[in-house]
Structure formats: C-alpha cells, structure tokens
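Visitor: Okay, here's the structure, questions in a sec.
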There are 2 protein chains.
Amino acid sequence: MKLIEAKQQFISSWGAFGTHWGINRTMAQIHALLLISPDPITQDDIMEGLNISRGNTNMNIRELINWGLVDRVILPGERKEFFIAEKDIWKVVRQIVKERKKRELDPMLKLLDQLEDVEGDKRDKNVKTFVDTISGIKRLGLQADKTLDIMIKAEENWFVNNLIKIFK
Amino acid sequence: MKLIEAKQQFISSWGAFGTHWGINRTMAQIHALLLISPDPITQDDIMEGLNISRGNTNMNIRELINWGLVDRVILPGERKEFFIAEKDIWKVVRQIVKERKKRELDPMLKLLDQLEDVEGDKRDKNVKTFVDTISGIKRLGLQADKTLDIMIKAEENWFVNNLIKIFK
DNA sequence: ATTTATTTTCAGTAATTTTTGAAACTTCAA
DNA sequence: TTGAAGTTTCAAAAATTACTGAAAATAAAT
C-alpha cells in the first residue's frame with residue numbers, strides 16, 4: 001500500500017472509530033492527521049488535508065487543545081500558528097483517561113452518593129432493588145476511580161510491565 | 001429524596017452518561033429502568049415509564065438483547081413477553097467490554113496490520129512517522145487485547161481482588 | 001495610524017441520528 | 001379459520017449534532 005493511500009485510510013478509520021466513542025468524526029480525523037505529521041502543521045494544512053472549513057477546523061483544534069492532546073507551536077519567523085500532537089500513544093491514552101475521569105466518572109460518583117440514601121423501607125423490594133443497583137454501580141465506580149488514578153500517575157513502563165506480569 | 005424522584009434522576013443521568021460513550025440515550029434509559037425493576041416488565045411498561053413510542057422501545061430492547069444485557073422472559077399464563085436485565089454490574093461491564101472488543105478493537109487491529117507494511121523508504125520521515133505511529137497504536141492495542149481477554153474470562157472476585165492488591 | 005495577515009465567532013444550513021406511528025406480520029385461543 | 005393480542009418493520013418527521021462561510025476581532029508589519 002502506498003503512503004498516501006495508507007494515510008487516507010488511517011485518517012478515515014480513526015474518524016469512524018472515534019464516533020463509536022462519543023468523539024466527533026472531524027476531531028478524531030484532525031488528531032489522526034497530526035499524529036502522522038512529522039512536523040508541526042497549520043490550520044490551512046489541516047483544512048486542505050481533510051477538506052473542511054476554517055471554522056470547523058478552528059473549533060476542533062481548540063477542543064483537542066482542551067483535551068490536552070494537541071499543542072500550539074510558534075515557529076520563529078513564521079506569522080501563522082502551527083500545531084503538533086503528542087506522539088507517545090501511551091501518554092495520549094493516559095491524558096484521555098484523565099479527562100474522561102474528570103468529566104464523567106467524578107460527576108457520576110457524586111450523583112450516586114445522592115441517590116444511595118433514598119428514603120423508604122428497605123423491605124420494599126422496589127427500594128431494595130434500587131439501592132442495591134446504585135450501591136453496586138458505586139462500588140465499581142470507586143474501584144475504577146482508584147485504579148485509574150494510579151494508572152494516570154504511573155510511568156508507562158511500570159504500568160505496562162505490571163499488567164504483563166499480572167495477566168500472563 | 002423520594003424513590004420516584006431518585007428513579008427519574010437515575011434514568012435520566014444514565015441516559016446522558018450513555019450519550020458520552022456512543023450509546024443512544026433511549027437504549028441507556030431502558031437499561032437503567034430494567035436495572036432498577038425488581039421484576040420482569042413488558043414493552044408497555046417501558047413505553048409508559050419512559051414516555052416513548054412502541055417502535056422505539058422495540059428497537060432498543062432488541063439492541064440491548066443483542067448486546068447480551070437484557071433477556072426475554074416468558075411468564076407462564078402470560079401472553080405478553082417480559083424483559084429483565086442482568087443485575088450484577090460486574091457481569092454487565094464484562095459483557096460490554098466483550099462486545100466492544102469484538103466490534104471495535106478486533107477490526108482496528110486488523111486494519112493496523114495492513115497499514116503497518118506501507119511501501120516506502122524508512123529514511124523518509126513521512127514514512128517513518130507514519131509507521132511509528134501505527135506500530136505504537138498496534139502495540140498498545142495488542143496489550144489491551146490480551147488484558148481484556150483475561151478480564152472477560154476472569155471471575156469477579158478474582159479480578160477485583162487482584163486489582164485491589166496490585167493498585168493499593 | 002493604516003494596512004495586511006491570521007484567528008475566532010456564530011447565525012444559518014446541512015447532515016446525521018433518533019423517534020414516531022401506522023401497517024404488516026406473527027402467535028395463540030376459541 | 002377467524003380474530004384478538006402482541007410484535008416487528010420502516011418511511012417519514014423530529015430532534016440533535018456538525019459544518020460552513022463570512023463578518024468581527026485580534027495581532028503583526030509597515
């Protein structure tokens with residue numbers, strides 16, 4: 001397979017993959033393009049590379065920066081801004097985990113706390129089933145919270161090596 | 001908080017949570033409703049409980065069954081079908097992991113294999129960056145594949161206990 | 001200060017996804 | 001068999017989400 005073709009394929013697939021995970025297609029594609037670009041590139045490069053509008057490009061780059069996956073770069077002597085993605089895929093995963101944890105898991109745990117102490121007699125099976133379900137989810141959530149925290153802080157090799165050892 | 005209110009809150013939040021993970025709101029809400037229902041319930045119960053149409057209900061129940069999260073139940077003497085959800089939240093997670101792995105990770109790994117042997121000179125930095133990116137993702141993907149397989153097969157306690165021990 | 005290059009915003013439009021509801025289909029009891 | 005109860009399908013409508021492009025804002029050069 002030729003490089004041009006392979007790049008296209010990767011960008012397109014990465015975009016489709018993203019949509020299955022609640023990430024918008026364009027954002028995932030910009031990320032893919034940056035991942036395989038050896039040097040920093042401009043908004044115009046991205047617009048041209050993916051055939052998308054300036055506004056769309058700008059909004060999604062900003063979002064990628066918010067997620068901590070892309071950095072703005074100022075090159076000396078250049079007027080335009082350039083962009084570059086973190087290439088170490090393990091760091092990328094940790095960053096995504098960190099953000100999703102903050103945005104989703106933490107609020108969910110807060111909610112579960114409130115729901116857990118619902119009024120009512122535990123002998124009522126409606127109450128019992130509700131409380132048991134919430135407690136079960138909360139227990140799992142707390143475990144995930146702890147585990148992910150350690151994962152986020154961990155050094156790449158430490159974590160991977162641990163997994164390999166444990167799960168072999 | 002009253003039970004009715006708490007149930008509403010849970011269903012609504014579970015739905016919102018789902019949309020962040022590429023799961024449609026209604027499907028997540030039906031799942032939530034089934035999780036907190038002590039006894040099997042019918043399509044009509046769900047329609048009424050969530051204020052949604054028959055078609056929508058039917059399609060999303062079917063999808064939940066495809067995901068292995070909900071079962072059809074025939075009650076003796078009843079004409080209608082009833083539905084029930086797996087309540088053990090750890091089993092639920094394992095089932096979701098299993099399905100997403102099959103639907104998403106496996107195809108992604110297949111793609112990466114193809115992309116990895118792109119034509120061209122490795123001294124060309126475009127080729128090098130591309131191949132390095134793909135290889136990096138593949139390495140991570142293979143590791144995830146292995147780990148998740150073991151997790152899927154694992155007994156609940158075995159796994160949770162392991163995690164607790166390892167990550168404390 | 002003025003011009004020029006670049007970035008950002010956002011109202012309107014387009015594309016996609018979800019939902020509805022009625023018709024078609026199936027199942028079962030009499 | 002017939003028909004009543006229940007389930008499934010799917011074309012059209014509604015809702016949501018994403019994208020465009022031009023105008024406004026910002027920044028840099030002259």
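Going through the structure tokens in order, the chains are called A, B, and so on, while each chain numbers its residues from 1 and the ligands are numbered from 1 in the order shown.
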Within 8 Å of chain A, which residues of chain D show up when using only C-alpha atoms (C1' of nucleotides), listed as a PyMOL selection string?

Guide: chain D and resi 19-21+28

Visitor: Excluding DA5 (chain D) and its own-chain neighbours fewer than 3 positions away, which residues fall within 12 Å of it when counting only C-alpha atoms (C1' of nucleotides)? Please give them as JSON, numbers by chain.

Guide: {"B": [78, 79, 80, 81], "C": [26, 27, 28, 29]}

Visitor: Return as number ranges by chain the residues belonging to chain B that are within 8 Å of chain A, counting only C-alpha atoms.

Guide: B: 1-3, 6-7, 10, 17, 19-22, 35-38, 87-90, 104, 115, 117-120, 125-127, 129-130, 133, 136-137, 140, 147, 150, 163-164, 167

Visitor: So that I have them on file, write out the residues from the current selection with N, CA and C atoms, as a tab-separated table (two decimals), in the first residue's frame.

Guide:
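Output contents, as saved in out_26.tsv:
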chain	number	residue	atom	x	y	z
B	1	MET	N	-34.47	12.06	49.58
B	1	MET	CA	-35.07	12.01	48.23
B	1	MET	C	-36.04	10.84	48.12
B	2	LYS	N	-37.18	11.10	47.54
B	2	LYS	CA	-38.18	10.04	47.36
B	2	LYS	C	-37.75	9.06	46.27
B	3	LEU	N	-38.26	7.84	46.39
B	3	LEU	CA	-37.87	6.80	45.43
B	3	LEU	C	-38.20	7.19	43.99
B	6	ALA	N	-35.81	9.71	42.74
B	6	ALA	CA	-34.48	9.14	42.58
B	6	ALA	C	-34.41	8.26	41.33
B	7	LYS	N	-35.48	7.50	41.10
B	7	LYS	CA	-35.52	6.66	39.90
B	7	LYS	C	-35.41	7.53	38.64
B	10	PHE	N	-31.97	8.85	38.20
B	10	PHE	CA	-31.02	7.82	37.76
B	10	PHE	C	-31.19	7.53	36.26
B	17	PHE	N	-25.26	9.98	30.43
B	17	PHE	CA	-23.96	9.33	30.52
B	17	PHE	C	-23.69	8.48	29.27
B	19	THR	N	-24.82	8.77	26.27
B	19	THR	CA	-24.55	9.52	25.03
B	19	THR	C	-23.08	9.92	24.92
B	20	HIS	N	-22.41	10.10	26.07
B	20	HIS	CA	-20.98	10.40	26.02
B	20	HIS	C	-20.14	9.21	25.62
B	21	TRP	N	-20.76	8.06	25.56
B	21	TRP	CA	-20.00	6.85	25.24
B	21	TRP	C	-20.50	6.18	23.98
B	22	GLY	N	-21.17	6.96	23.14
B	22	GLY	CA	-21.60	6.41	21.87
B	22	GLY	C	-22.78	5.46	21.99
B	35	LEU	N	-32.65	-2.14	35.12
B	35	LEU	CA	-31.73	-2.41	36.24
B	35	LEU	C	-32.40	-2.20	37.60
B	36	ILE	N	-33.30	-1.21	37.66
B	36	ILE	CA	-33.90	-0.92	38.96
B	36	ILE	C	-35.30	-1.51	39.11
B	37	SER	N	-35.71	-2.35	38.16
B	37	SER	CA	-37.01	-3.02	38.27
B	37	SER	C	-36.83	-4.39	38.92
B	38	PRO	N	-37.45	-4.61	40.05
B	38	PRO	CA	-37.26	-5.89	40.75
B	38	PRO	C	-37.76	-7.07	39.93
B	87	LYS	N	-28.41	-8.03	36.60
B	87	LYS	CA	-28.28	-7.04	37.67
B	87	LYS	C	-26.85	-6.92	38.22
B	88	ASP	N	-26.10	-7.99	38.07
B	88	ASP	CA	-24.72	-7.97	38.58
B	88	ASP	C	-23.89	-7.03	37.72
B	89	ILE	N	-23.54	-5.89	38.30
B	89	ILE	CA	-22.94	-4.82	37.49
B	89	ILE	C	-21.58	-5.21	36.94
B	90	TRP	N	-20.90	-6.08	37.63
B	90	TRP	CA	-19.61	-6.53	37.13
B	90	TRP	C	-19.79	-7.40	35.87
B	104	GLU	N	-15.01	-3.44	17.92
B	104	GLU	CA	-14.15	-2.31	17.65
B	104	GLU	C	-12.66	-2.60	17.69
B	115	LEU	N	-1.94	-1.49	7.57
B	115	LEU	CA	-1.30	-0.19	7.40
B	115	LEU	C	0.18	-0.23	7.76
B	117	ASP	N	2.57	-2.29	7.03
B	117	ASP	CA	3.57	-2.54	5.99
B	117	ASP	C	3.34	-1.70	4.73
B	118	VAL	N	3.31	-0.40	4.97
B	118	VAL	CA	3.20	0.55	3.89
B	118	VAL	C	4.51	0.54	3.10
B	119	GLU	N	4.40	0.74	1.77
B	119	GLU	CA	5.61	0.82	0.94
B	119	GLU	C	6.40	2.09	1.25
B	120	GLY	N	7.68	2.06	0.97
B	120	GLY	CA	8.47	3.29	1.07
B	120	GLY	C	9.68	3.19	1.95
B	125	LYS	N	11.07	10.76	6.38
B	125	LYS	CA	10.48	10.96	7.72
B	125	LYS	C	8.96	10.87	7.71
B	126	ASN	N	8.35	11.09	6.56
B	126	ASN	CA	6.90	10.89	6.47
B	126	ASN	C	6.55	9.42	6.67
B	127	VAL	N	7.32	8.58	6.00
B	127	VAL	CA	7.10	7.14	6.16
B	127	VAL	C	7.39	6.72	7.59
B	129	THR	N	7.39	8.44	10.42
B	129	THR	CA	6.41	8.88	11.41
B	129	THR	C	5.13	8.06	11.30
B	130	PHE	N	4.73	7.80	10.07
B	130	PHE	CA	3.50	7.00	9.88
B	130	PHE	C	3.66	5.61	10.49
B	133	THR	N	3.82	5.64	14.26
B	133	THR	CA	2.51	5.88	14.88
B	133	THR	C	1.66	4.61	14.86
B	136	GLY	N	3.00	1.98	17.20
B	136	GLY	CA	2.72	2.33	18.59
B	136	GLY	C	1.29	2.01	18.97
B	137	ILE	N	0.37	2.38	18.11
B	137	ILE	CA	-1.03	2.09	18.39
B	137	ILE	C	-1.26	0.59	18.43
B	140	LEU	N	-0.02	-1.00	21.67
B	140	LEU	CA	-0.98	-0.73	22.75
B	140	LEU	C	-2.25	-1.57	22.58
B	147	THR	N	-5.10	-8.13	27.76
B	147	THR	CA	-5.59	-7.81	29.10
B	147	THR	C	-7.10	-7.98	29.19
B	150	ILE	N	-8.36	-11.60	29.30
B	150	ILE	CA	-8.25	-12.23	30.61
B	150	ILE	C	-9.33	-11.68	31.55
B	163	LEU	N	-6.97	-6.49	41.46
B	163	LEU	CA	-6.79	-5.04	41.28
B	163	LEU	C	-6.53	-4.36	42.61
B	164	ILE	N	-7.30	-4.75	43.61
B	164	ILE	CA	-7.13	-4.12	44.91
B	164	ILE	C	-5.72	-4.35	45.43
B	167	PHE	N	-3.02	-2.42	43.10
B	167	PHE	CA	-3.04	-0.97	42.98
B	167	PHE	C	-3.24	-0.23	44.30

Visitor: Quick one: residues within 12 Å of DA13 (chain D), only C-alpha atoms (C1' of nucleotides) counted, chain neighbours fewer than 2 positions away excluded, as a PyMOL selection string?

Guide: (chain C and resi 18-21) or (chain D and resi 11+15)

Visitor: Only residues of chain C matter here; which ones have an atom within 10 Å of chain A, counting only C-alpha atoms (C1' of nucleotides)? Give them as a list in words.

Guide: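 Close enough to count are DA5, DT6, DT7, DT8, DT9 and DC10 of chain C.
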
Visitor: Counting only C-alpha atoms (C1' of nucleotides), figure out which residue out of D:DA29, D:DA12, D:DA4, D:DA18 gets nearest to DA14 (chain C).

Guide: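 Of D:DA29, D:DA12, D:DA4, D:DA18, the one nearest DA14 (chain C) is D:DA18, counting only C-alpha atoms (C1' of nucleotides).
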
Visitor: Using only C-alpha atoms, which residue out of A:Ala85, A:Ile74, A:Leu109, A:Leu69 lies closest to Val97 (chain A)?

Guide: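 The shortest atom-to-atom distance to Val97 (chain A) comes from A:Leu69.
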
Visitor: Pull the strand (DSSP E or B) assignments for chain B out of DSSP run on the backbone, and list those residues as a VMD selection string.

Guide: chain B and resid 41 70 to 73 82 to 85

Visitor: Please, which residues of region 1-131 of chain A, numbered as in this document, come out alpha helix (DSSP H) from DSSP, as an NGL selection string?

Guide: :A and (3-19 or 25-35 or 43-50 or 54-66 or 89-100 or 106-116 or 125-131)

Visitor: Suppose you want the space between CA of Gln8 (chain A) and CA of Arg62 (chain A); what is it in Å?

Guide: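 The value is 22.8 Å.
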
Visitor: Would you compute the distance between C1' of DA24 (chain C) and CA of Ala28 (chain B)? Give it in Å to one decimal.

Guide: 28.6 Å

Visitor: Calculate how many Å separate C1' of DT16 (chain C) from C1' of DA14 (chain D), rounding to one decimal.

Guide: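 C1' of DT16 (chain C) sits 12.5 Å away from C1' of DA14 (chain D).
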